[in-house]
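Engineer: Can you keep this structure in mind? I'll have questions shortly.
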Amino acid sequence: MQLRFFTIPIHGGGDIADELNRFLAGSRILSIDRQLVQDGANSAWAICVGFESAGQGRPSSAMGGTSKQGKVDYREVLNETDFAVYAHLRSLRKEIADREGLPAYALFTNEQMAEMVQRRVATEAAMREIQGIGDARMEKYADAFLQVLREAFNNPAQDAP
């Protein structure tokens, strides 16, 4: 895991916030830690992003399958509160997958669910921003997963059905 640090001033930090958003969109994010540094007019957000750059991470299945050492342990990546929400999503996924006779990853991958938690996804629009989540998954599974996420993070529904 590599780390990248951002300092975003409370006043006039739009360019740096845009840079952070581009970085987040183009990287495989493993963790985000943010702290508000209060110093009057000089207050800023200090953000540490744990990520994997291109070429890191799991070996390709075409190269001989998955490897135990390539798996991400989300207990180590997510804080305790976020991991509890992630675990709830996994239980929901297993319940639905078993009922439909599908493998669990056919609904959402572990990585997609961790990203839902890290991004505090509460809307359909936010869920659609996660790579690999398209119309079919949204139509079949989004409502149930969004309900768990909204309850966990106390976010009311923001999308019209």
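In the structure tokens, chains take the letters A, B, ... in the order shown, each chain's residues start at 1, and ligands count up from 1 in the order shown.
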Can you check which parts of region 30-136 of chain A lie within 8 Å of region 2-26 of chain A? Per residue, the shortest pair of atoms and distance in Å to one decimal, counting only C-alpha atoms, sorted by chain and number, as CSV.

Structural biologist:
residue,atom,partner,partner_atom,distance
A:Ala41,CA,A:His11,CA,7.6
A:Asn42,CA,A:Pro9,CA,6.8
A:Ser43,CA,A:Ile10,CA,5.7
A:Ala44,CA,A:Pro9,CA,4.0
A:Trp45,CA,A:Ile8,CA,5.1
A:Ala46,CA,A:Thr7,CA,4.7
A:Ile47,CA,A:Phe6,CA,5.1
A:Cys48,CA,A:Phe5,CA,4.6
A:Val49,CA,A:Arg4,CA,5.2
A:Gly50,CA,A:Leu3,CA,4.6
A:Phe51,CA,A:Gln2,CA,5.4
A:Glu52,CA,A:Gln2,CA,6.1
A:Ser53,CA,A:Gln2,CA,7.6

Engineer: Residues at most 10 Å from region 120-136 of chain A, counting only C-alpha atoms, excluding those fewer than 2 positions away in the same chain, as number ranges by chain?

Structural biologist: A: 25, 82, 107-109, 111-118, 138-143, 145-161

Engineer: Just list the residues in chain A DSSP gives strand (DSSP E or B) on the backbone, as a PyMOL selection string.

Structural biologist: chain A and resi 2-9+28-37+44-52

Engineer: Could you check how far CA of Tyr105 (chain A) sits from CA of Arg137 (chain A), in Å to one decimal?

Structural biologist: 11.3 Å

Engineer: Any idea what the distance is between CA of Gly101 (chain A) and CA of Val72 (chain A)?

Structural biologist: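 Computed distance, CA of Gly101 (chain A) to CA of Val72 (chain A), equals 25.4 Å.
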
Engineer: Could you tell me, as number ranges by chain, which residues of region 66-141 of chain A DSSP assigns to alpha helix (DSSP H) when given the backbone?

Structural biologist: A: 74-77, 80-100, 110-118, 124-128, 135-141

Engineer: State, in Å with one decimal place, the distance from CA of Lys94 (chain A) to CA of Arg75 (chain A).

Structural biologist: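 Spanning CA of Lys94 (chain A) to CA of Arg75 (chain A) is a straight-line distance of 18.2 Å.
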
Engineer: Using only C-alpha atoms, pick whichever of A:Asn110, A:Asp39, A:Arg28, A:Arg119 has the shortest atom-to-atom distance to Ser91 (chain A).

Structural biologist: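 Between A:Asn110, A:Asp39, A:Arg28, A:Arg119, the residue approaching Ser91 (chain A) most closely is A:Asn110.
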